[in-house]
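Single-structure report; data block below.
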Amino acid sequence: MPWSEELSTVPMQRVALVAPHAAVRESLVRIAGLGCIDLDSAGGPGQAEASATVGRIRALRESPAQPELATARPDPQALEGVGAAALLAGEAQLAERLNAAVHRGTVAALAGWCPAAEVPEVNARLGDLGSVLVPLRAPPGVDPPTALRTTGPVRRSFTSLVTTYGPPRYADLDPTWAAATLYAVMFGMMFGDVGHGALLLLGALGLYVRRPRRIARWHDAWPFVAAAAALSMVAGLAYGEFFGPTGVLPVLWLEPLRQPERLLLTAVAVGALLLLLAYVAGAVNRWREGGLPGALYSLSGIAGGTAFLGLAGLATGTVLHLVWLSVAGAVLTMAGVVLAAVGSYAGTARGLAGLVQTGVQLFDGIIRIASNAVSFARLAAFGLTHAALSQVIWSGTVGLSHHGPAGVLGAVALFLVGNALVFLLEALVAGVQALRLEYFELFSRVYDGQGRPFRPWHVPVRRSEVAL
């Protein structure tokens, strides 16, 4: 698949299901079985029969049974008599769709959204019924629902990271691969230990094979856990950490506890780079949503990115005593502030109230921009915490091992229990903090509002005939 498609949401087509009256039910049953059309809930007055059915079994919409549909039309009263809760729940959903249909002459129609690539297949499945999906123009001012690509277990696992935050707008970039990669990198920096990363990798393997059974429900998360484990091992190699500073591995880059300043500066630099990339992605999204003005004047677009780049240059120039860099940073900062002011003021009621509102928004925006890069120092702070706890465990283990057989047993117990506690505590902390940085520092710039998720109507179809 081309990268241009990988970076975009699933293309949607506005459609109308048009079916003869005699084939409406069977057409909807096939649509429910395919599970690829998000039907509108509102519609015309519908058929009296459907309205009566809805009224009779409306209370079953929230049935705990998994809804099912039968290919043959059942009698709801007979279903109630035999306690067929799954079929009753499916018939309730079907009746509501029937009730939403608009009737003209001999045909009925329901509107909805369907992935553009699925329309030919759906029409092929409906052809023998005389039904068809008719492509329509999207209603003015209405964005299509958003669906992210979920091909393959790896992509599906990573997509959950985005959907947990909220669906992006239809026009926005699909950040799935970038979000997963950045999360793994940030988690690895805070959880850098080859031994602990290997344990996490074993956990991912357990999720993959669904063993033990009590963790089988989280099977789909195995690629996510495996990616975080791999980056933790990479960071552990750089730090020379293997269940702490045991000396098993050489230090390839730095020892966190001996060079904390360098680690902190690296974390801030990584954060600044990630924020700059977020501003670039945000500018692209603002362009796709509202054209050049949206991209140019937004604090999450070119204006905010210019101000951020200027502040970074100003701070770096001041620290390194580079006058030219400080001046260039100040100029860029002012340019970004002016662009943001123009865009903010244009969205107000103008006048004095508009000026005050613009000033407050700019002040808040600049403070956030200035503080965001520093927020990434937590990548180093929690990495240092992990290294410090591991150092304490290892020092205690070595100390106990010099006190005879009992000391050796105590050292083994301390090493095992201590590493287990460090693993659990730091995995939780690193997981939460990486998620916080992803959502609050990066996604808040990439996205300006959320879209409507694509919710196709899907009900399994029971192929056997129901003689009720």
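Residue numbering restarts at 1 in every chain; chains get A, B, ... in the order shown in the structure tokens, and ligands count up from 1 in that same order.
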| request: Could you give me, as a VMD selection string, the residues within 7 Å of range 431-434 of chain A, counting only C-alpha atoms and dropping anything in the same chain fewer than 4 positions from it? | output: chain A and resid 183 186 to 187 427 438
| task | List every residue of range 158-380 of chain A that DSSP, applied to the backbone of this structure, places in helix (DSSP H, G or I), and write the result as a ChimeraX atom specification. | result | /A:158-165,176-190,194-209,213-239,260-297,302-320,323-346,351-375,378-380
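Taking only C-alpha atoms into account, Gly451 in chain A lies nearest to A:Thr163 out of the set A:Gln66, A:Thr163, A:Thr385, A:Ser326.
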| said: As an exercise, work out the distance from CA of Arg155 in chain A to CA of Asp220 in chain A in Å and give it to one decimal place. | reply: 10.0 Å
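Distances from A:Asp193, A:Glu261, A:Glu6, A:Asp174 to Ala238 in chain A were compared using only C-alpha atoms, and the smallest one belongs to A:Asp193.
In this comparison, which uses only C-alpha atoms, the residue of A:Phe363, A:Met334, A:Val356, A:Val268 approaching Thr316 in chain A most closely is A:Val268.
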| task | Tell me, as a PyMOL selection string, which residues lie within 12 Å of range 72-74 of chain A, counting only C-alpha atoms; anything in the same chain fewer than 4 positions away does not count. | result | chain A and resi 22-30+53+68+78-80+82+84+87-88+90-92+94-95+461-468
| task | Please provide as JSON, numbers by chain all residues within 10 Å of Pro153 in chain A, with the sequence filter that same-chain residues fewer than 2 positions apart are discarded (counting only C-alpha atoms). | result | {"A": [150, 151, 155, 156, 157, 158, 159, 219, 220, 221, 222, 223]}
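Checking A:Leu311, A:Val338, A:Leu384, A:Ala295 one by one against Met189 in chain A, counting only C-alpha atoms, you find the shortest gap at A:Leu384.
CA of Pro175 in chain A is positioned 15.3 Å from CA of Pro453 in chain A.
Around Thr246 in chain A, within 8 Å and counting only C-alpha atoms, the residues found are Glu241, Phe242 and Trp394 of chain A, once anything fewer than 4 positions away on its own chain is removed.
Computed from the coordinates, the CA of Gln361 in chain A to CA of Tyr165 in chain A distance equals 24.0 Å.
Residue nearest Ala312 in chain A within the list A:Ala420, A:Leu296, A:Ala373, A:Val134: A:Ala373 [criterion: smallest interatomic distance, only C-alpha atoms].
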